[in-house]
Structure formats: C-alpha cells, structure tokens
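So this one's data18.txt, compact mmCIF, C-alpha atoms:
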```txt
# COMPACT_ATOMS: atom_id res chain seq x y z
CA ARG A 1 -16.31 -6.94 -35.56
CA HIS A 2 -18.66 -4.78 -37.58
CA LEU A 3 -18.18 -1.06 -37.10
CA PRO A 4 -21.30 1.10 -36.62
CA ARG A 5 -22.73 2.38 -39.87
CA PRO A 6 -22.04 6.13 -40.44
CA THR A 7 -25.14 8.24 -40.03
CA SER A 8 -24.51 9.89 -43.42
CA ASP A 9 -25.18 6.54 -45.11
CA LEU A 10 -28.57 6.08 -43.47
CA PRO A 11 -31.64 6.63 -45.66
CA GLY A 12 -32.85 10.19 -45.26
CA ALA A 13 -29.69 11.50 -43.62
CA ASP A 14 -29.03 13.88 -46.53
CA SER A 15 -32.49 15.38 -46.58
CA GLY A 16 -32.66 19.10 -47.29
CA ALA A 17 -34.74 21.53 -45.29
CA ALA A 18 -36.40 22.89 -48.41
CA CYS A 19 -39.13 20.32 -48.88
CA GLY A 20 -41.21 21.58 -45.97
CA SER A 21 -43.14 18.31 -45.66
CA GLY A 22 -42.88 15.80 -42.87
CA SER A 23 -43.69 12.72 -44.92
CA ARG A 24 -41.17 9.89 -44.82
CA ASP A 25 -40.78 9.68 -48.61
CA GLU A 26 -39.95 13.36 -49.02
CA ALA A 27 -37.60 13.32 -46.03
CA GLN A 28 -35.25 11.12 -48.03
CA GLY A 29 -34.27 13.96 -50.37
CA PRO A 30 -33.82 13.56 -54.13
CA ALA A 31 -32.81 9.89 -53.83
CA GLY A 32 -34.95 7.13 -52.39
CA SER A 33 -33.80 4.35 -50.08
CA ASP A 34 -32.53 2.39 -53.09
CA GLY A 35 -30.32 5.28 -54.22
CA GLN A 36 -32.34 5.94 -57.39
CA LEU A 37 -33.48 9.46 -58.24
CA ARG A 38 -37.19 9.99 -57.73
CA GLU A 39 -39.18 11.55 -60.54
CA ASP A 40 -41.11 13.80 -58.14
CA ALA A 41 -37.97 15.39 -56.63
CA MET A 42 -38.14 19.20 -56.87
CA SER A 43 -35.19 21.58 -57.07
CA ILE A 44 -35.04 24.23 -54.37
CA LEU A 45 -34.91 26.79 -57.20
CA GLU A 46 -38.42 25.65 -58.22
CA TYR A 47 -39.87 25.59 -54.69
CA ASN A 48 -41.60 28.99 -54.96
CA GLY A 49 -41.99 28.95 -58.75
CA GLY A 50 -41.52 31.96 -60.99
CA VAL A 51 -40.00 32.99 -64.31
CA ALA A 52 -38.02 35.96 -65.61
CA MET A 53 -36.98 37.13 -69.06
CA VAL A 54 -34.84 39.92 -70.51
CA MET A 55 -34.64 40.83 -74.20
CA VAL A 56 -32.78 43.35 -76.34
CA GLY A 57 -34.41 45.83 -78.71
CA LYS A 58 -33.29 48.87 -80.69
CA ASN A 59 -31.81 51.24 -78.09
CA CYS A 60 -34.06 49.61 -75.51
CA VAL A 61 -34.28 46.52 -73.33
CA GLY A 62 -37.15 44.73 -71.68
CA ILE A 63 -37.53 42.75 -68.48
CA ALA A 64 -40.57 40.58 -67.76
CA THR A 65 -41.51 38.50 -64.71
CA ASP A 66 -44.56 36.64 -63.49
CA THR A 67 -46.29 37.50 -60.20
CA ARG A 68 -47.07 34.10 -58.67
CA LEU A 69 -45.69 33.08 -55.28
CA GLY A 70 -46.21 29.44 -54.43
CA VAL A 71 -45.12 26.71 -52.10
CA GLN A 72 -44.57 23.87 -54.52
CA GLY A 73 -48.00 23.33 -56.11
CA GLN A 74 -49.90 25.58 -53.68
CA THR A 75 -50.41 29.21 -54.70
CA VAL A 76 -49.84 31.65 -51.83
CA ALA A 77 -50.05 35.05 -53.58
CA PHE A 78 -50.33 36.49 -57.06
CA ASP A 79 -48.77 39.94 -56.52
CA PHE A 80 -45.18 38.93 -55.75
CA THR A 81 -42.54 41.25 -57.23
CA ARG A 82 -39.48 39.71 -58.88
CA ALA A 83 -38.09 42.73 -60.77
CA PHE A 84 -36.43 45.63 -58.97
CA PRO A 85 -34.91 48.93 -60.15
CA VAL A 86 -31.25 49.71 -59.57
CA HIS A 87 -31.64 53.12 -61.19
CA SER A 88 -33.67 54.60 -64.04
CA LYS A 89 -31.78 52.67 -66.76
CA LEU A 90 -30.99 49.43 -64.94
CA TRP A 91 -33.27 46.68 -63.58
CA ILE A 92 -32.69 43.24 -62.11
CA GLY A 93 -35.04 40.27 -62.02
CA PHE A 94 -34.87 37.16 -59.85
CA THR A 95 -36.15 33.62 -59.89
CA GLY A 96 -35.60 31.06 -57.17
CA LEU A 97 -36.28 30.91 -53.44
CA ALA A 98 -38.47 33.86 -52.45
CA THR A 99 -36.69 34.55 -49.16
CA ASP A 100 -33.31 34.68 -50.93
CA VAL A 101 -34.78 36.96 -53.60
CA GLN A 102 -35.72 39.53 -50.96
CA SER A 103 -32.45 39.14 -49.06
CA VAL A 104 -30.23 39.59 -52.12
CA GLU A 105 -32.29 42.54 -53.36
CA GLN A 106 -31.75 44.35 -50.05
CA LEU A 107 -28.04 43.51 -50.10
CA LEU A 108 -27.68 44.81 -53.66
CA ARG A 109 -29.55 47.99 -52.76
CA PHE A 110 -27.06 48.54 -49.92
CA ARG A 111 -24.02 47.97 -52.13
CA THR A 112 -25.25 50.14 -54.99
CA SER A 113 -26.01 52.94 -52.52
CA LEU A 114 -22.42 52.72 -51.26
CA TYR A 115 -21.18 52.81 -54.87
CA ARG A 116 -23.28 55.89 -55.60
CA LEU A 117 -22.03 57.60 -52.45
CA ARG A 118 -18.38 56.82 -53.17
CA GLU A 119 -18.28 57.33 -56.95
CA GLU A 120 -20.90 60.14 -57.12
CA ARG A 121 -22.48 58.54 -60.19
CA GLU A 122 -24.83 55.73 -61.07
CA ILE A 123 -23.37 52.27 -61.54
CA SER A 124 -23.12 51.00 -65.12
CA PRO A 125 -24.87 47.77 -66.13
CA ARG A 126 -21.59 45.96 -66.74
CA ALA A 127 -20.12 47.05 -63.40
CA PHE A 128 -23.33 46.05 -61.64
CA ALA A 129 -23.21 42.60 -63.26
CA ALA A 130 -19.61 42.16 -62.09
CA MET A 131 -20.58 43.18 -58.55
CA LEU A 132 -23.53 40.77 -58.57
CA SER A 133 -21.37 37.92 -59.87
CA SER A 134 -18.82 38.54 -57.11
CA LEU A 135 -21.57 38.71 -54.48
CA LEU A 136 -22.95 35.34 -55.53
CA TYR A 137 -19.57 33.63 -55.92
CA GLU A 138 -18.39 34.60 -52.44
CA ARG A 139 -21.26 32.48 -51.10
CA ARG A 140 -20.53 29.52 -53.38
CA PHE A 141 -20.25 26.99 -50.53
CA GLY A 142 -23.62 28.03 -49.13
CA PRO A 143 -25.18 29.80 -52.10
CA TRP A 144 -28.16 32.05 -52.46
CA PHE A 145 -30.78 29.94 -54.25
CA ILE A 146 -31.54 32.46 -56.99
CA GLU A 147 -30.97 32.89 -60.72
CA PRO A 148 -30.80 36.63 -61.55
CA VAL A 149 -31.20 38.39 -64.89
CA VAL A 150 -30.01 41.95 -65.52
CA ALA A 151 -31.17 44.43 -68.17
CA GLY A 152 -30.06 48.00 -68.68
CA LEU A 153 -28.70 50.75 -70.90
CA ASP A 154 -25.15 52.07 -70.58
CA ASP A 155 -24.05 55.70 -70.82
CA ASP A 156 -24.30 55.55 -74.63
CA ASN A 157 -27.79 53.97 -74.38
CA LYS A 158 -26.43 50.68 -75.69
CA PRO A 159 -28.47 47.71 -74.44
CA PHE A 160 -26.88 45.26 -72.01
CA ILE A 161 -28.38 42.03 -70.68
CA THR A 162 -26.95 39.13 -68.76
CA GLY A 163 -28.04 36.17 -66.68
CA MET A 164 -26.31 34.12 -64.00
CA ASP A 165 -26.58 30.86 -62.14
CA LEU A 166 -26.69 30.64 -58.35
CA ILE A 167 -22.89 30.97 -57.97
CA GLY A 168 -22.56 33.96 -60.29
CA CYS A 169 -21.38 32.44 -63.58
CA PRO A 170 -22.55 35.04 -66.15
CA VAL A 171 -23.78 34.65 -69.71
CA GLU A 172 -23.93 37.74 -71.94
CA THR A 173 -25.87 37.93 -75.19
CA ASP A 174 -27.38 40.46 -77.56
CA GLN A 175 -30.70 38.63 -77.87
CA PHE A 176 -32.49 37.30 -74.76
CA VAL A 177 -31.99 35.48 -71.47
CA VAL A 178 -34.62 33.42 -69.63
CA ALA A 179 -34.68 31.91 -66.13
CA GLY A 180 -37.10 30.07 -63.87
CA THR A 181 -39.38 27.06 -63.96
CA SER A 182 -40.48 27.47 -67.59
CA THR A 183 -37.17 28.04 -69.35
CA LYS A 184 -37.68 25.35 -71.99
CA ASN A 185 -41.00 26.83 -73.07
CA MET A 186 -39.63 30.38 -73.08
CA HIS A 187 -36.54 29.38 -75.08
CA GLY A 188 -38.67 27.93 -77.83
CA ALA A 189 -41.06 30.88 -77.95
CA CYS A 190 -38.28 33.47 -77.87
CA GLU A 191 -36.31 31.77 -80.62
CA SER A 192 -39.44 31.85 -82.80
CA PHE A 193 -40.54 35.45 -82.15
CA PHE A 194 -37.30 37.35 -81.50
CA ARG A 195 -36.01 39.69 -84.20
CA PRO A 196 -33.05 42.09 -84.01
CA ASP A 197 -33.65 45.85 -83.56
CA LEU A 198 -37.20 45.67 -82.27
CA GLU A 199 -38.84 48.99 -81.49
CA PRO A 200 -40.08 49.46 -77.89
CA ASP A 201 -43.72 48.67 -78.72
CA ASP A 202 -42.73 45.64 -80.79
CA LEU A 203 -40.39 44.47 -78.03
CA PHE A 204 -43.24 44.65 -75.53
CA GLU A 205 -45.49 42.63 -77.82
CA VAL A 206 -42.88 39.93 -78.43
CA MET A 207 -41.99 39.59 -74.75
CA SER A 208 -45.65 39.49 -73.73
CA GLN A 209 -46.55 36.76 -76.20
CA CYS A 210 -43.50 34.66 -75.33
CA LEU A 211 -44.14 34.98 -71.61
CA LEU A 212 -47.86 34.27 -71.72
CA ALA A 213 -47.41 31.29 -74.04
CA SER A 214 -44.91 29.85 -71.57
CA LEU A 215 -46.92 30.57 -68.43
CA GLU A 216 -49.96 28.73 -69.78
CA ARG A 217 -47.86 25.56 -70.00
CA ASP A 218 -46.27 25.76 -66.54
CA ALA A 219 -48.17 25.10 -63.31
CA MET A 220 -45.44 26.64 -61.12
CA SER A 221 -45.65 30.16 -62.55
CA GLY A 222 -48.18 32.61 -63.94
CA TRP A 223 -51.21 34.24 -62.32
CA GLY A 224 -50.23 37.53 -63.96
CA ALA A 225 -47.10 39.15 -65.32
CA GLU A 226 -45.28 42.47 -65.45
CA VAL A 227 -43.37 43.70 -68.51
CA ARG A 228 -41.06 46.71 -68.32
CA ILE A 229 -39.47 48.40 -71.34
CA ILE A 230 -36.39 50.49 -70.55
CA THR A 231 -35.63 53.32 -72.98
CA PRO A 232 -33.43 56.44 -72.75
CA GLU A 233 -36.59 58.42 -71.97
CA GLY A 234 -37.70 56.22 -69.07
CA VAL A 235 -39.34 52.95 -68.05
CA THR A 236 -42.76 51.81 -69.25
CA THR A 237 -44.47 49.21 -67.06
CA ARG A 238 -47.45 47.16 -68.18
CA LYS A 239 -49.27 44.45 -66.24
CA LEU A 240 -50.65 41.40 -68.02
CA LYS A 241 -53.50 39.12 -67.06
CA ALA A 242 -52.83 35.42 -67.23
CA ARG A 243 -54.65 32.20 -66.52
CA GLN A 244 -55.31 31.60 -62.83
CA ASP A 245 -55.96 27.89 -62.81
```
How does the structure come out when it is put into structure tokens?
Amino acid sequence: RHLPRPTSDLPGADSGAACGSGSRDEAQGPAGSDGQLREDAMSILEYNGGVAMVMVGKNCVGIATDTRLGVQGQTVAFDFTRAFPVHSKLWIGFTGLATDVQSVEQLLRFRTSLYRLREEREISPRAFAAMLSSLLYERRFGPWFIEPVVAGLDDDNKPFITGMDLIGCPVETDQFVVAGTSTKNMHGACESFFRPDLEPDDLFEVMSQCLLASLERDAMSGWGAEVRIITPEGVTTRKLKARQD
C-alpha cells in the first residue's frame, strides 16, 4: 500500500508569507515545482528595499541611509527613516523588512531607556552593540528580518562602528560597513574612495558619493538619502537628492 504523501512535500507547501502575491508561481517559494531555485526569487530582506552605510573618520563617524520604502518593485514612499538616534553620540541604521525595522527600533528605545534609568548614564557604543546582538540572537528561531549598522563615539571620542546579520553576529572594523540591497555596489565604491583619518567634511563627501553612485545602480533603493556626521560637538544631518526613476 502507498502511504499518503506528506503535505510538506507538496509543491508550494513551504511558501513564505512575505511575497504578498497570490500568483501560483510565487506561492511556491524560492524553489519551483522541479526543486530548482528560481532566478526571480527575492529575499525577505530585500522586500522593502533600502541601504545603509557607516564609515569611520578622524574623531568622527558617519551614518548614511536612503529614504525609499517599496513593496518589491513598487515604490510606496520616499521619506522613510532608517537611521535613529540612541543618544547624541550614537546612532543605529536598519535595512530589511520595514515593519521589523520599526518594531526593533521601539524595543531598543525601551531597553536603552531602562539602561539609562538604572545606570544613570548613557550607554556606550560597544555595550549597545552587545545588547543589540543579544536581542537579535534570542529570536534566532524566528528572527527579526533586519540587518543593523551601528555608529558612535565612546567616552574618549574614539569612533566605533559595527554591523550585524539578522541573528546578531557582529563584525567590527575601523573602516566602513554596508548593508542592504546594494551592498556589492557600495563595497566597490567605498574601497575606492575611503581613506583613513578623514575630516568631517571629507567624510561627508566620500559617503555621499559612494551612496549616490550605488543608488543609481539599484532599483530597490534610492529616491533620496540622509547622511549624518557624528562629532564630539554634535550631529550634522544633510539630505541628498537622488534619481527618482
């Protein structure tokens, strides 16, 4: 006798809820009925688009994000915020699913407020990165679909940047970190333009050129950008115009 076929083996049984389309082809998930990966499969991290970048300068750091919010190829808004302040010397940027971006930002705001209330001081960039990594890893079996980047200055005004994947695995560097749908383009541009010990104005110029050059070659991001330079004296925010086609 032939046993009934398990439902998990049926075509389309593993479909994710992220595609948002009712077509039969897309309901089959990343793999088609023949088990082969489809070229048009989209990661959930790319569903809403977006890019983020952090870079180190001389006693300063910068964080840059685009402002497009999309649903796959459809643009919904061009004033979406992906960078948020933790305090005057520490910022965090997100790429990934827009709903998870807002949820995690609110959760981090709650936890940093508790830290400030308990410790009676602002959280350091390294301690904040450890808290963020722990927050993401505790949800590893049902993760937040985000890729955060962190930029800040410590008590000695020494720059600190880091980036993480969706389960909180950190990478620390003294140069730059990129995340989002245009990482390949940004990596190439940053490796060409980055120089150690950039002054704040030079850091802004380098980040702006790298970001704009990448956005013009990526249909899932763009429609404007925001660049913030964090110095011991404060935060300078500039908005950039980008192609809107």
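The gap separating atom CA of Ala41 of chain A from atom CA of Val150 of chain A is 29.1 Å, in Å to one decimal.
Across A:Gln106, A:Pro196, A:Gly93, A:Arg243, the tightest approach to Leu212 of chain A is made by A:Arg243 when counting only C-alpha atoms.
Here atom CA of Thr99 of chain A is placed at a distance of 16.8 Å from atom CA of Thr181 of chain A.
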| remark: Shortest contact to Ser221 of chain A, candidates A:Gly96, A:Gly62, A:Gly188, A:Gly57, atoms counted only C-alpha atoms, goes to A:Gly96
For Met53 of chain A, work out the shell of residues within 12 Å, counting all atoms listed in the file and skipping chain neighbours fewer than 4 positions away, then give it as a compact mmCIF listing (two decimals) with C-alpha atoms, in the coordinates of the input.
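around_19.txt, written as the output of this step:
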```
# COMPACT_ATOMS: atom_id res chain seq x y z
CA VAL A 61 -34.28 46.52 -73.33
CA GLY A 62 -37.15 44.73 -71.68
CA ILE A 63 -37.53 42.75 -68.48
CA ALA A 64 -40.57 40.58 -67.76
CA THR A 65 -41.51 38.50 -64.71
CA ASP A 66 -44.56 36.64 -63.49
CA ARG A 82 -39.48 39.71 -58.88
CA ALA A 83 -38.09 42.73 -60.77
CA TRP A 91 -33.27 46.68 -63.58
CA ILE A 92 -32.69 43.24 -62.11
CA GLY A 93 -35.04 40.27 -62.02
CA PHE A 94 -34.87 37.16 -59.85
CA THR A 95 -36.15 33.62 -59.89
CA GLU A 147 -30.97 32.89 -60.72
CA PRO A 148 -30.80 36.63 -61.55
CA VAL A 149 -31.20 38.39 -64.89
CA VAL A 150 -30.01 41.95 -65.52
CA ALA A 151 -31.17 44.43 -68.17
CA ILE A 161 -28.38 42.03 -70.68
CA THR A 162 -26.95 39.13 -68.76
CA GLY A 163 -28.04 36.17 -66.68
CA GLN A 175 -30.70 38.63 -77.87
CA PHE A 176 -32.49 37.30 -74.76
CA VAL A 177 -31.99 35.48 -71.47
CA VAL A 178 -34.62 33.42 -69.63
CA ALA A 179 -34.68 31.91 -66.13
CA GLY A 180 -37.10 30.07 -63.87
CA THR A 181 -39.38 27.06 -63.96
CA SER A 182 -40.48 27.47 -67.59
CA THR A 183 -37.17 28.04 -69.35
CA ASN A 185 -41.00 26.83 -73.07
CA MET A 186 -39.63 30.38 -73.08
CA HIS A 187 -36.54 29.38 -75.08
CA ALA A 189 -41.06 30.88 -77.95
CA CYS A 190 -38.28 33.47 -77.87
CA PHE A 204 -43.24 44.65 -75.53
CA VAL A 206 -42.88 39.93 -78.43
CA MET A 207 -41.99 39.59 -74.75
CA SER A 208 -45.65 39.49 -73.73
CA GLN A 209 -46.55 36.76 -76.20
CA CYS A 210 -43.50 34.66 -75.33
CA LEU A 211 -44.14 34.98 -71.61
CA LEU A 212 -47.86 34.27 -71.72
CA SER A 214 -44.91 29.85 -71.57
CA LEU A 215 -46.92 30.57 -68.43
CA ALA A 225 -47.10 39.15 -65.32
CA GLU A 226 -45.28 42.47 -65.45
CA VAL A 227 -43.37 43.70 -68.51
CA ARG A 228 -41.06 46.71 -68.32
CA ILE A 229 -39.47 48.40 -71.34
```
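The space between atom CA of Asp197 of chain A and atom CA of Pro159 of chain A spans 10.7 Å.
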Could you give me, as a Markdown table, a per-residue list for segment 27-99 of chain A showing, wherever an atom lies at most 10 Å from an atom of segment 116-139 of chain A, the closest pair of atoms and their distance in Å to one decimal, using all atoms listed in the file and sorting by chain then residue number from low to high?
```
| residue | atom | partner | partner_atom | distance |
| --- | --- | --- | --- | --- |
| A:Val86 | CA | A:Ile123 | CA | 8.5 |
| A:His87 | CA | A:Glu122 | CA | 7.3 |
| A:Ser88 | CA | A:Glu122 | CA | 9.4 |
| A:Lys89 | CA | A:Pro125 | CA | 8.5 |
| A:Leu90 | CA | A:Pro125 | CA | 6.5 |
| A:Trp91 | CA | A:Pro125 | CA | 8.8 |
| A:Ile92 | CA | A:Ala129 | CA | 9.6 |
```
Got time to write the residues from that selection, C-alpha atoms, as a PDB file, in the frame of the given file?
```
ATOM      1  CA  VAL A  86     -31.250  49.710 -59.570  1.00  0.00           C
ATOM      2  CA  HIS A  87     -31.640  53.120 -61.190  1.00  0.00           C
ATOM      3  CA  SER A  88     -33.670  54.600 -64.040  1.00  0.00           C
ATOM      4  CA  LYS A  89     -31.780  52.670 -66.760  1.00  0.00           C
ATOM      5  CA  LEU A  90     -30.990  49.430 -64.940  1.00  0.00           C
ATOM      6  CA  TRP A  91     -33.270  46.680 -63.580  1.00  0.00           C
ATOM      7  CA  ILE A  92     -32.690  43.240 -62.110  1.00  0.00           C
TER       8      ILE A  92
END
```
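Closest approach to Glu172 of chain A from the set A:Gln72, A:Lys184, A:Phe160, A:Ala213 is made by A:Phe160, with distances taken over only C-alpha atoms.
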| query | Residues at most 10 Å from Phe78 of chain A, counting only C-alpha atoms, excluding those fewer than 3 positions away in the same chain, as a VMD selection string? | reply | chain A and resid 66 to 70 75 81 221 to 225 244
Selecting C-alpha atoms, how would segment 89-199 of chain A from this structure be written as a PDB file, in the first residue's frame?
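And here's selection-v1.pdb as it stands now:
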```pdb
ATOM      1  CA  LYS A  89      26.936  60.303  20.083  1.00  0.00           C
ATOM      2  CA  LEU A  90      25.336  57.037  18.994  1.00  0.00           C
ATOM      3  CA  TRP A  91      23.095  56.192  16.014  1.00  0.00           C
ATOM      4  CA  ILE A  92      21.735  52.986  14.546  1.00  0.00           C
ATOM      5  CA  GLY A  93      20.630  52.280  10.989  1.00  0.00           C
ATOM      6  CA  PHE A  94      18.492  49.427   9.676  1.00  0.00           C
ATOM      7  CA  THR A  95      17.872  47.645   6.423  1.00  0.00           C
ATOM      8  CA  GLY A  96      15.389  44.848   5.903  1.00  0.00           C
ATOM      9  CA  LEU A  97      11.662  44.415   6.467  1.00  0.00           C
ATOM     10  CA  ALA A  98      10.118  47.807   7.263  1.00  0.00           C
ATOM     11  CA  THR A  99       7.736  46.511   9.928  1.00  0.00           C
ATOM     12  CA  ASP A 100      10.600  44.793  11.769  1.00  0.00           C
ATOM     13  CA  VAL A 101      12.692  47.963  11.498  1.00  0.00           C
ATOM     14  CA  GLN A 102      10.048  49.930  13.381  1.00  0.00           C
ATOM     15  CA  SER A 103       9.427  47.156  15.913  1.00  0.00           C
ATOM     16  CA  VAL A 104      13.102  46.676  16.790  1.00  0.00           C
ATOM     17  CA  GLU A 105      13.684  50.439  17.000  1.00  0.00           C
ATOM     18  CA  GLN A 106      10.902  50.752  19.582  1.00  0.00           C
ATOM     19  CA  LEU A 107      12.235  47.758  21.513  1.00  0.00           C
ATOM     20  CA  LEU A 108      15.756  49.214  21.548  1.00  0.00           C
ATOM     21  CA  ARG A 109      14.430  52.583  22.689  1.00  0.00           C
ATOM     22  CA  PHE A 110      12.715  50.814  25.600  1.00  0.00           C
ATOM     23  CA  ARG A 111      15.831  48.883  26.613  1.00  0.00           C
ATOM     24  CA  THR A 112      18.176  51.862  26.367  1.00  0.00           C
ATOM     25  CA  SER A 113      15.770  53.918  28.478  1.00  0.00           C
ATOM     26  CA  LEU A 114      15.870  51.197  31.147  1.00  0.00           C
ATOM     27  CA  TYR A 115      19.686  51.191  30.951  1.00  0.00           C
ATOM     28  CA  ARG A 116      19.785  54.968  31.370  1.00  0.00           C
ATOM     29  CA  LEU A 117      17.398  54.787  34.324  1.00  0.00           C
ATOM     30  CA  ARG A 118      19.337  52.015  36.054  1.00  0.00           C
ATOM     31  CA  GLU A 119      22.920  53.099  35.317  1.00  0.00           C
ATOM     32  CA  GLU A 120      22.306  56.884  35.374  1.00  0.00           C
ATOM     33  CA  ARG A 121      24.498  57.341  32.304  1.00  0.00           C
ATOM     34  CA  GLU A 122      24.315  56.950  28.563  1.00  0.00           C
ATOM     35  CA  ILE A 123      25.077  53.552  27.080  1.00  0.00           C
ATOM     36  CA  SER A 124      28.429  53.177  25.313  1.00  0.00           C
ATOM     37  CA  PRO A 125      28.554  52.120  21.655  1.00  0.00           C
ATOM     38  CA  ARG A 126      30.197  48.795  22.475  1.00  0.00           C
ATOM     39  CA  ALA A 127      27.673  47.978  25.221  1.00  0.00           C
ATOM     40  CA  PHE A 128      24.823  48.949  22.909  1.00  0.00           C
ATOM     41  CA  ALA A 129      26.174  46.654  20.184  1.00  0.00           C
ATOM     42  CA  ALA A 130      26.356  43.779  22.679  1.00  0.00           C
ATOM     43  CA  MET A 131      22.773  44.440  23.778  1.00  0.00           C
ATOM     44  CA  LEU A 132      21.594  44.553  20.161  1.00  0.00           C
ATOM     45  CA  SER A 133      23.411  41.325  19.315  1.00  0.00           C
ATOM     46  CA  SER A 134      21.797  39.585  22.291  1.00  0.00           C
ATOM     47  CA  LEU A 135      18.364  40.944  21.343  1.00  0.00           C
ATOM     48  CA  LEU A 136      18.652  39.549  17.832  1.00  0.00           C
ATOM     49  CA  TYR A 137      20.129  36.198  18.852  1.00  0.00           C
ATOM     50  CA  GLU A 138      17.371  35.450  21.356  1.00  0.00           C
ATOM     51  CA  ARG A 139      14.965  35.456  18.391  1.00  0.00           C
ATOM     52  CA  ARG A 140      17.186  33.262  16.214  1.00  0.00           C
ATOM     53  CA  PHE A 141      14.486  30.634  15.563  1.00  0.00           C
ATOM     54  CA  GLY A 142      12.032  33.288  14.409  1.00  0.00           C
ATOM     55  CA  PRO A 143      14.333  36.194  13.640  1.00  0.00           C
ATOM     56  CA  TRP A 144      13.734  39.853  13.024  1.00  0.00           C
ATOM     57  CA  PHE A 145      14.331  40.331   9.295  1.00  0.00           C
ATOM     58  CA  ILE A 146      16.757  43.238   9.646  1.00  0.00           C
ATOM     59  CA  GLU A 147      20.458  43.950   9.186  1.00  0.00           C
ATOM     60  CA  PRO A 148      21.511  46.771  11.556  1.00  0.00           C
ATOM     61  CA  VAL A 149      24.579  49.001  11.459  1.00  0.00           C
ATOM     62  CA  VAL A 150      25.805  50.992  14.460  1.00  0.00           C
ATOM     63  CA  ALA A 151      27.989  54.114  14.538  1.00  0.00           C
ATOM     64  CA  GLY A 152      29.074  56.140  17.533  1.00  0.00           C
ATOM     65  CA  LEU A 153      31.794  57.746  19.622  1.00  0.00           C
ATOM     66  CA  ASP A 154      32.842  56.371  23.008  1.00  0.00           C
ATOM     67  CA  ASP A 155      33.676  58.401  26.119  1.00  0.00           C
ATOM     68  CA  ASP A 156      37.122  59.219  24.687  1.00  0.00           C
ATOM     69  CA  ASN A 157      35.544  60.251  21.345  1.00  0.00           C
ATOM     70  CA  LYS A 158      37.064  57.204  19.664  1.00  0.00           C
ATOM     71  CA  PRO A 159      34.997  56.063  16.664  1.00  0.00           C
ATOM     72  CA  PHE A 160      33.159  52.747  16.836  1.00  0.00           C
ATOM     73  CA  ILE A 161      31.193  51.055  14.057  1.00  0.00           C
ATOM     74  CA  THR A 162      29.751  47.597  13.659  1.00  0.00           C
ATOM     75  CA  GLY A 163      27.255  45.695  11.562  1.00  0.00           C
ATOM     76  CA  MET A 164      25.257  42.523  12.170  1.00  0.00           C
ATOM     77  CA  ASP A 165      23.241  39.913  10.363  1.00  0.00           C
ATOM     78  CA  LEU A 166      19.668  39.051  11.291  1.00  0.00           C
ATOM     79  CA  ILE A 167      20.699  36.778  14.202  1.00  0.00           C
ATOM     80  CA  GLY A 168      23.151  39.241  15.723  1.00  0.00           C
ATOM     81  CA  CYS A 169      26.548  38.030  14.501  1.00  0.00           C
ATOM     82  CA  PRO A 170      28.672  41.216  14.681  1.00  0.00           C
ATOM     83  CA  VAL A 171      31.520  42.446  12.511  1.00  0.00           C
ATOM     84  CA  GLU A 172      33.719  45.279  13.805  1.00  0.00           C
ATOM     85  CA  THR A 173      36.057  47.320  11.638  1.00  0.00           C
ATOM     86  CA  ASP A 174      37.876  50.640  11.596  1.00  0.00           C
ATOM     87  CA  GLN A 175      36.861  51.484   8.027  1.00  0.00           C
ATOM     88  CA  PHE A 176      33.243  51.024   6.860  1.00  0.00           C
ATOM     89  CA  VAL A 177      30.253  48.684   6.975  1.00  0.00           C
ATOM     90  CA  VAL A 178      27.476  48.481   4.374  1.00  0.00           C
ATOM     91  CA  ALA A 179      24.105  46.702   4.376  1.00  0.00           C
ATOM     92  CA  GLY A 180      21.025  46.433   2.191  1.00  0.00           C
ATOM     93  CA  THR A 181      20.119  45.691  -1.400  1.00  0.00           C
ATOM     94  CA  SER A 182      23.123  47.444  -2.968  1.00  0.00           C
ATOM     95  CA  THR A 183      25.983  46.092  -0.878  1.00  0.00           C
ATOM     96  CA  LYS A 184      28.105  44.959  -3.830  1.00  0.00           C
ATOM     97  CA  ASN A 185      27.998  48.408  -5.412  1.00  0.00           C
ATOM     98  CA  MET A 186      28.715  50.151  -2.104  1.00  0.00           C
ATOM     99  CA  HIS A 187      31.626  47.836  -1.290  1.00  0.00           C
ATOM    100  CA  GLY A 188      33.339  48.689  -4.539  1.00  0.00           C
ATOM    101  CA  ALA A 189      32.762  52.426  -4.212  1.00  0.00           C
ATOM    102  CA  CYS A 190      33.838  52.540  -0.562  1.00  0.00           C
ATOM    103  CA  GLU A 191      37.007  50.574  -1.211  1.00  0.00           C
ATOM    104  CA  SER A 192      37.912  53.087  -3.929  1.00  0.00           C
ATOM    105  CA  PHE A 193      37.121  56.323  -2.065  1.00  0.00           C
ATOM    106  CA  PHE A 194      37.791  55.512   1.600  1.00  0.00           C
ATOM    107  CA  ARG A 195      40.907  56.959   3.230  1.00  0.00           C
ATOM    108  CA  PRO A 196      41.935  56.796   6.894  1.00  0.00           C
ATOM    109  CA  ASP A 197      41.520  59.861   9.149  1.00  0.00           C
ATOM    110  CA  LEU A 198      39.027  61.752   7.011  1.00  0.00           C
ATOM    111  CA  GLU A 199      37.906  65.102   8.376  1.00  0.00           C
TER     112      GLU A 199
END
```
